[in-house]
Number of protein chains: 4
Amino acid sequence: MNHKRGFASDNNSGIHNKIIEAIQKANEGHCIAYGDDQFTETAVDRFKEHFGDDIDVYFLFTGTASNVLGLKALTRSFHSIICTEVSHLNVDECGAPENFLGTKLVIISSKDGKLRRSQIEPLLDVFGNEHRAQPKAISITQPTEMGTVYSIEEIKDLARLAHKNGMWFHMDGARIANAAASLGTDLKTITRDAGVDVLSLGGTKNGMMVGEAVVFFDKKISKDFKYIRKQGMQLGSKMRYLSAQFEAYLSDNLWLNNAKHANSMAKLLASELEKIAGITITQKVEANGVFAIIPQEHVKAIQKEYFFYVWIKEGPVVRLMTSWDTTEDDVIGFIKTLKKIMKN
Amino acid sequence: MNHKRGFASDNNSGIHNKIIEAIQKANEGHCIAYGDDQFTETAVDRFKEHFGDDIDVYFLFTGTASNVLGLKALTRSFHSIICTEVSHLNVDECGAPENFLGTKLVIISSKDGKLRRSQIEPLLDVFGNEHRAQPKAISITQPTEMGTVYSIEEIKDLARLAHKNGMWFHMDGARIANAAASLGTDLKTITRDAGVDVLSLGGTKNGMMVGEAVVFFDKKISKDFKYIRKQGMQLGSKMRYLSAQFEAYLSDNLWLNNAKHANSMAKLLASELEKIAGITITQKVEANGVFAIIPQEHVKAIQKEYFFYVWIKEGPVVRLMTSWDTTEDDVIGFIKTLKKIMKN
Amino acid sequence: MNHKRGFASDNNSGIHNKIIEAIQKANEGHCIAYGDDQFTETAVDRFKEHFGDDIDVYFLFTGTASNVLGLKALTRSFHSIICTEVSHLNVDECGAPENFLGTKLVIISSKDGKLRRSQIEPLLDVFGNEHRAQPKAISITQPTEMGTVYSIEEIKDLARLAHKNGMWFHMDGARIANAAASLGTDLKTITRDAGVDVLSLGGTKNGMMVGEAVVFFDKKISKDFKYIRKQGMQLGSKMRYLSAQFEAYLSDNLWLNNAKHANSMAKLLASELEKIAGITITQKVEANGVFAIIPQEHVKAIQKEYFFYVWIKEGPVVRLMTSWDTTEDDVIGFIKTLKKIMKN
Amino acid sequence: MNHKRGFASDNNSGIHNKIIEAIQKANEGHCIAYGDDQFTETAVDRFKEHFGDDIDVYFLFTGTASNVLGLKALTRSFHSIICTEVSHLNVDECGAPENFLGTKLVIISSKDGKLRRSQIEPLLDVFGNEHRAQPKAISITQPTEMGTVYSIEEIKDLARLAHKNGMWFHMDGARIANAAASLGTDLKTITRDAGVDVLSLGGTKNGMMVGEAVVFFDKKISKDFKYIRKQGMQLGSKMRYLSAQFEAYLSDNLWLNNAKHANSMAKLLASELEKIAGITITQKVEANGVFAIIPQEHVKAIQKEYFFYVWIKEGPVVRLMTSWDTTEDDVIGFIKTLKKIMKN
């Protein structure tokens, strides 16, 4: 069987029962396609409960699309977007930002996945120089791709820097639920209230079957987004089934409970790993990712039992992701296997 | 209730029970994301049973993406793509082909949705002229957007024209099942065997929740398609749920039975409409679409009971689509309503 | 010798002496590159004398770039641009508009090269429909590619239509001098005063060595154009030599005298052609182009003596362009040759 | 007068007399436009004398276009291009590569402007990973943007690395003449013979009015380049005037003598600067650029007399460019001014 459980990615997890039920419940009769239906209306209402009435929200299929199309609403081709070298935008989208936006990404090195004001400021002296792409957006990932979480104050500081310089502030929130769970806040506090202009809100990794949302906190930005989504090949025809998932996801704290559980499994995993001699945790464990150095000679053997990815060759540093459906047994089994292989 | 049944679009239909079941069955444990899983392997095998072993197939989320990305494998920006003025590619993709491919669409007028050799030949004297975009693909829709179906010989003739002139032959098969059902053939006969190089095969309109496939009949064309899909923002993470749908869709003739049913409902609808004085069927009813002139003064009243779209203002010509879940009661109810409103 | 004179294109003509002199005069010492020099300042002043002080003007290298980049300031990728099927934009730019703008061109058929209000209005019911590219600019060519000239009232009518519908009005004025000469007006009357928002003003075809200008009549439109020009690969380093040409071109009526001469040679050519049995002038001769049917059997023989292009196969209709350096001897010689070959 | 001489850029220099004469000589009668003329034929022959008969060469207007369009022949949008962080491609093209190619630039840090094998190799483990843009070209600048010159062996080493990994090797030779003059070689030795596949060969900075060439050393690469140039908005209509310049430039060692002179002026300048206490030369002076730290407090005063650019704020490091028309008097005057201001 290929259904092997592990820590490779939260994308390897399944669909939460409440999401499946929501899809089934929506499967009755006919519905106007492309979003002009009651399921979408209800799902949008749910977003408004979380983020305020005057938002604009659109459902898409992939996280890459959410980031790229959200940024398309903010930029023109002669602009540039500031992000980290480890950002999904830079590393894991096969050049989609450059291709679809036609813009330059300005890359800042980062060990822990965070952008810092002091790194951005020196890049801003190009404003007005026609030879240079013009910075127009700062994009951060929350939690970062390295499993760390920006504090509210860190977010606000970057938002202020962006806005002071006529730039937009974008957040890749593919795992935003895990950040909120980590910080003990609601979703609005660490996004809209902290100065975010456009948010990619992910559902797929946290219990949905498929579904990502782009949330705009200023309707002036989104006034043409319906065309951007359609031209971006992301307008779903049977929209009700995306919407029904989101409605369930944002109700009864499903998003939060799933994220809390994943985060707690990561904490457990990290605390058990720390007890093993020869293993070093390399990043703060603040969301649902654990980055750890595992002795090179044992990597292959462990991967055979529990698959995961080597994230950085030097070390090697491996990435271990927990998810909403990770069990304590998964963690304990993994730790046992590790100990056995490492003869620890 | 907004669940009102009607003939607006086969996109308004629901999900077939076997598809829902397939999603549920796939929802067990963990699975490697992005397609390296057994459900995807099985679904690809199903495609091979239909089209031959040496194909390459990729799953995507939208029909627009299937067309655009499939054509991206065939063209560079200085090429052009020949299609009809009523094609989905030209009319209903908000400029996605131009934007994502950077290519010119060369538009040919067509009343019945079909391209004809005699219209294409005069456009081919631009080869080698650097001032002109270079024709590189002919794209047809089968069945056409006007509900007509190309005969096998018509397809072969266009394929020969394309290949003779160094062009590729692309088919938008968003409703290809309805064409096969109409012609009484299997899927391969009217695609690969007729000279098609790349096929968009739609699932969503015919009983799936979401899922479109791009099928390549020459692996040389598709060798870089995995990058095109990812950069095209269409690589699904929890791929197993797309794949499981396709596996069910292509098994036990589900695709065919659904299409046959939709087609037969269209025939029934057309035959009933023809009996009503003042209504004229304007296109051959060969698949699941009926185009008919309905007296202008009754359109609004009828739309209130059964929603549909006015396709061409002059007439007006309305489009009535049946789907896999259209019932005889739907047709009879609609006809009754029509007669009542038209006092026929 | 390959320097054979003829009527193939005004692009085949040479450089006017005053332009060469201007280049030489500018060739002294050092000058800041990229336009921050006195020659550019003076040339811009010359444009302001013609078009008003509150314009913004940029110099580029090719007519294709002038059209495409000017339109880039007006549109985003989900927009569309309305133009004729015979427009340079559609026919002679190898798909550059689609590629660089990512927008759809909406093509209107036209025998005489002119757009008409009645053809545009039916296309405007797509506003707000997310499946359709949104019309954002009307682009006309003045004089048209068929040698005809829009009257001032015709221009104003299209401008009103554009502006009433929230669209911009763009003019490809690759030969705008010939139109002004034809109408007996200054340059401003038939552009800015008639409602044009952005003008491509050509210099190359009318006596310059190389140089096209994009003129903006509303600085809000052009505020980012310096980045668009640079990203569009059209920012010349030794700008002074472009600017010096424009300064000479727009001084002492050089632009006008050259255009008047070319137009008068076209009139002479047409009047002589009309006298020849078997030749039919197919378009009004209002600028420097003559379109005429010449018997198919004589085309090759005539082309050997005086090269020209067959513009439309049916006829065949040939295009004969005069230029600022066409002489009466050129016309007389051509007519003689024609008569000899046609035994007329 | 604004004609102030200085060391800001070799783009500030004028046109060599032989180039002006060539333009004048070409200005006779009519010539077929767009390159089908004898001047272009002769100019292409001159390139063949330098680079071999089986090359393909195209003339363009700007260096940015030469780089971007040359690379377009080599890449598709899902590819990436490896270059330094200080490369013209990355810094000075306002995002044109990203916009026109749709590709990602993979940036490597470099103090002296050179790429090194050891920096590239670790980036090549992404081949086959669909989430990552696929490296397809290495692009170097010769001489580099920091005034240094790659040795023949350094070029060959990078070319081997590229070819071994299925990548193309591109050279931005905006100042390639200065590199050849520096190394004492002909043009072919350090380009084609060293493994370069596509070369941007600059003329503008070294005595021409305007003109850059893209030289292909493998005709398979360039088979569609005429469409790329046209779609890239770089096809000049009165091509003879570009071609005539190149013909003169590549004859009688004009290219070499101009470059030798510029290089020798840079050597002189550097040797004089080194004598001044408080000034540090920061890069090897191998071509026509001198990079030096000048005390911050004197920069503004010196710039008033002889304009130049501060290249790196820390230092500050200023860039001083010599050109074909720099005189010994220019150098001596500058040094005197420096000494006076610095009270040295």
# chains A, B, ... in the order shown; residues from 1 in each chain; ligands from 1
call {"tool": "interface_residues", "arguments": {"of": "chain D", "to": "chain A", "cutoff": "6 Å", "atoms": "only C-alpha atoms", "output": "PyMOL selection string"}}
result
chain D and resi 92-95+98-99+102-104+131-133
call {"tool": "write_last_selection", "arguments": {"atoms": "N, CA and C atoms", "output": "short mmCIF file (atom, residue, chain, number, x, y, z; two decimals), in the first residue's frame"}}
result
data_model
loop_
_atom_site.label_atom_id
_atom_site.label_comp_id
_atom_site.auth_asym_id
_atom_site.auth_seq_id
_atom_site.Cartn_x
_atom_site.Cartn_y
_atom_site.Cartn_z
N ASP D 92 19.82 46.44 -14.68
CA ASP D 92 19.62 47.64 -15.48
C ASP D 92 18.66 47.47 -16.64
N GLU D 93 17.78 46.49 -16.56
CA GLU D 93 16.85 46.31 -17.67
C GLU D 93 15.40 46.40 -17.21
N CYS D 94 15.20 46.98 -16.05
CA CYS D 94 13.84 47.27 -15.53
C CYS D 94 12.92 46.05 -15.62
N GLY D 95 13.50 44.88 -15.39
CA GLY D 95 12.66 43.68 -15.42
C GLY D 95 12.29 43.21 -16.81
N GLU D 98 12.40 39.28 -17.23
CA GLU D 98 11.25 38.62 -16.61
C GLU D 98 10.00 38.89 -17.44
N ASN D 99 9.85 40.11 -17.88
CA ASN D 99 8.62 40.48 -18.57
C ASN D 99 8.54 39.86 -19.96
N GLY D 102 9.43 35.94 -19.52
CA GLY D 102 8.61 35.23 -18.54
C GLY D 102 9.42 34.26 -17.70
N THR D 103 10.73 34.39 -17.75
CA THR D 103 11.58 33.43 -17.01
C THR D 103 12.12 34.04 -15.73
N LYS D 104 12.53 33.17 -14.86
CA LYS D 104 13.19 33.58 -13.63
C LYS D 104 14.67 33.76 -13.89
N HIS D 131 8.52 21.81 -9.53
CA HIS D 131 8.22 23.01 -8.75
C HIS D 131 9.21 24.13 -9.02
N ARG D 132 10.32 23.79 -9.66
CA ARG D 132 11.40 24.76 -9.84
C ARG D 132 11.57 25.14 -11.31
N ALA D 133 11.80 26.43 -11.56
CA ALA D 133 12.21 26.84 -12.89
C ALA D 133 13.48 26.08 -13.26
#
call {"tool": "residues_around", "arguments": {"residues": "Glu297 in chain D", "least_positions_apart": "5", "cutoff": "12 Å", "atoms": "only C-alpha atoms", "output": "list in words"}}
result
Gly278, Ile302, Gln303, Gly315, Pro316, Ile341 and Met342 of chain D
call {"tool": "write_last_selection", "arguments": {"atoms": "N, CA, C and O atoms", "output": "CSV table (one decimal), in the first residue's frame"}}
result
chain,number,residue,atom,x,y,z
D,278,GLY,N,44.2,58.6,-0.4
D,278,GLY,CA,42.8,58.6,0.0
D,278,GLY,C,41.9,58.0,-1.1
D,278,GLY,O,40.7,57.9,-0.9
D,302,ILE,N,33.5,67.1,-6.8
D,302,ILE,CA,34.1,66.6,-8.1
D,302,ILE,C,33.1,66.4,-9.1
D,302,ILE,O,33.3,66.7,-10.3
D,303,GLN,N,31.9,65.8,-8.8
D,303,GLN,CA,30.9,65.6,-9.7
D,303,GLN,C,30.4,66.9,-10.5
D,303,GLN,O,30.0,66.8,-11.6
D,315,GLY,N,31.6,53.1,0.8
D,315,GLY,CA,32.9,53.5,0.3
D,315,GLY,C,33.0,54.9,0.3
D,315,GLY,O,33.6,55.5,1.2
D,316,PRO,N,32.4,55.7,-0.6
D,316,PRO,CA,31.6,55.2,-1.7
D,316,PRO,C,32.5,54.8,-2.9
D,316,PRO,O,33.6,55.3,-3.0
D,341,ILE,N,40.5,69.6,-5.3
D,341,ILE,CA,39.4,69.5,-4.4
D,341,ILE,C,39.8,68.8,-3.1
D,341,ILE,O,39.4,69.1,-2.0
D,342,MET,N,40.6,67.7,-3.4
D,342,MET,CA,41.0,66.9,-2.2
D,342,MET,C,42.2,67.5,-1.5
D,342,MET,O,42.8,66.9,-0.6
call {"tool": "select_by_dssp", "arguments": {"residues": "range 38-239 of chain B", "states": "alpha helix (DSSP H)", "output": "JSON, numbers by chain"}}
result
{"B": [38, 39, 40, 41, 42, 43, 44, 45, 46, 47, 48, 49, 50, 51, 63, 64, 65, 66, 67, 68, 69, 70, 71, 72, 88, 89, 90, 91, 96, 117, 118, 119, 120, 152, 153, 154, 155, 156, 157, 158, 159, 160, 161, 162, 163, 164, 176, 177, 178, 179, 180, 181, 182, 183, 225, 226, 227, 228, 229, 230, 231]}
call {"tool": "residues_around", "arguments": {"residues": "Glu305 in chain C", "least_positions_apart": "2", "cutoff": "10 Å", "atoms": "only C-alpha atoms", "output": "ChimeraX atom specification"}}
result
/C:4-6,300-303,307-308,333-334,337-338
call {"tool": "residues_around", "arguments": {"residues": "Leu235 in chain A", "least_positions_apart": "6", "cutoff": "7 Å", "atoms": "only C-alpha atoms", "output": "list in words"}}
result
Tyr34, Leu60 and Arg229 of chain A
call {"tool": "write_last_selection", "arguments": {"atoms": "C-alpha atoms", "output": "PDB file, in the first residue's frame"}}
result
ATOM      1  CA  TYR A  34     -19.151  30.290 -11.571  1.00  0.00           C
ATOM      2  CA  LEU A  60      -9.150  29.524  -6.425  1.00  0.00           C
ATOM      3  CA  ARG A 229      -9.076  35.195 -11.853  1.00  0.00           C
TER       4      ARG A 229
END
call {"tool": "residues_around", "arguments": {"residues": "Glu121 in chain A", "least_positions_apart": "6", "cutoff": "10 Å", "atoms": "only C-alpha atoms", "output": "ChimeraX atom specification"}}
result
/A:161-162,165
call {"tool": "decode", "arguments": {"residues": "range 288-299 of chain C", "atoms": "all heavy atoms", "output": "short mmCIF file (atom, residue, chain, number, x, y, z; two decimals), in the first residue's frame"}}
result
data_model
loop_
_atom_site.label_atom_id
_atom_site.label_comp_id
_atom_site.auth_asym_id
_atom_site.auth_seq_id
_atom_site.Cartn_x
_atom_site.Cartn_y
_atom_site.Cartn_z
N ASN C 288 -0.48 59.25 -48.99
CA ASN C 288 0.61 58.92 -49.91
C ASN C 288 0.59 57.46 -50.38
O ASN C 288 1.62 56.92 -50.76
CB ASN C 288 1.97 59.26 -49.28
CG ASN C 288 2.26 58.42 -48.05
OD1 ASN C 288 1.34 58.12 -47.30
ND2 ASN C 288 3.51 58.05 -47.85
N GLY C 289 -0.60 56.86 -50.34
CA GLY C 289 -0.72 55.49 -50.83
C GLY C 289 -1.76 55.41 -51.93
O GLY C 289 -2.81 56.06 -51.86
N VAL C 290 -1.45 54.61 -52.94
CA VAL C 290 -2.40 54.38 -54.03
C VAL C 290 -2.63 52.87 -54.10
O VAL C 290 -1.68 52.10 -54.20
CB VAL C 290 -1.83 54.90 -55.37
CG1 VAL C 290 -2.81 54.62 -56.51
CG2 VAL C 290 -1.50 56.38 -55.29
N PHE C 291 -3.88 52.48 -54.04
CA PHE C 291 -4.23 51.06 -54.17
C PHE C 291 -4.94 50.87 -55.50
O PHE C 291 -5.92 51.56 -55.78
CB PHE C 291 -5.13 50.63 -53.01
CG PHE C 291 -4.38 50.59 -51.70
CD1 PHE C 291 -4.11 51.77 -51.01
CD2 PHE C 291 -3.90 49.40 -51.19
CE1 PHE C 291 -3.39 51.74 -49.82
CE2 PHE C 291 -3.18 49.37 -50.01
CZ PHE C 291 -2.92 50.53 -49.33
N ALA C 292 -4.44 49.95 -56.28
CA ALA C 292 -4.98 49.81 -57.64
C ALA C 292 -4.98 48.36 -58.07
O ALA C 292 -4.08 47.59 -57.71
CB ALA C 292 -4.14 50.64 -58.61
N ILE C 293 -5.99 48.01 -58.84
CA ILE C 293 -6.00 46.70 -59.48
C ILE C 293 -5.18 46.78 -60.76
O ILE C 293 -5.40 47.66 -61.58
CB ILE C 293 -7.43 46.24 -59.81
CG1 ILE C 293 -8.21 46.02 -58.50
CG2 ILE C 293 -7.42 44.97 -60.65
CD1 ILE C 293 -9.69 45.77 -58.71
N ILE C 294 -4.23 45.89 -60.87
CA ILE C 294 -3.40 45.79 -62.08
C ILE C 294 -3.57 44.38 -62.62
O ILE C 294 -3.60 43.43 -61.83
CB ILE C 294 -1.91 46.09 -61.73
CG1 ILE C 294 -1.76 47.58 -61.44
CG2 ILE C 294 -0.99 45.65 -62.84
CD1 ILE C 294 -0.33 48.01 -61.20
N PRO C 295 -3.74 44.24 -63.91
CA PRO C 295 -3.98 42.89 -64.44
C PRO C 295 -2.90 41.91 -63.99
O PRO C 295 -1.70 42.20 -64.10
CB PRO C 295 -3.95 43.10 -65.96
CG PRO C 295 -4.34 44.53 -66.14
CD PRO C 295 -3.78 45.27 -64.96
N GLN C 296 -3.36 40.79 -63.51
CA GLN C 296 -2.47 39.77 -62.94
C GLN C 296 -1.30 39.43 -63.86
O GLN C 296 -0.15 39.30 -63.41
CB GLN C 296 -3.31 38.50 -62.66
CG GLN C 296 -2.53 37.34 -62.07
CD GLN C 296 -2.16 37.61 -60.61
OE1 GLN C 296 -3.00 37.73 -59.73
NE2 GLN C 296 -0.87 37.73 -60.36
N GLU C 297 -1.58 39.33 -65.15
CA GLU C 297 -0.53 38.86 -66.07
C GLU C 297 0.64 39.82 -66.20
O GLU C 297 1.72 39.44 -66.66
CB GLU C 297 -1.13 38.54 -67.46
CG GLU C 297 -1.69 39.75 -68.21
CD GLU C 297 -3.17 40.01 -67.94
OE1 GLU C 297 -3.62 39.66 -66.82
OE2 GLU C 297 -3.86 40.56 -68.81
N HIS C 298 0.45 41.08 -65.77
CA HIS C 298 1.53 42.05 -65.94
C HIS C 298 2.30 42.33 -64.65
O HIS C 298 3.35 43.00 -64.67
CB HIS C 298 0.95 43.38 -66.46
CG HIS C 298 0.27 43.23 -67.78
ND1 HIS C 298 0.87 42.64 -68.87
CD2 HIS C 298 -0.98 43.58 -68.18
CE1 HIS C 298 0.03 42.63 -69.89
NE2 HIS C 298 -1.10 43.19 -69.51
N VAL C 299 1.79 41.81 -63.52
CA VAL C 299 2.36 42.21 -62.23
C VAL C 299 3.85 41.92 -62.16
O VAL C 299 4.67 42.80 -61.83
CB VAL C 299 1.60 41.51 -61.07
CG1 VAL C 299 2.36 41.65 -59.76
CG2 VAL C 299 0.20 42.10 -60.95
#
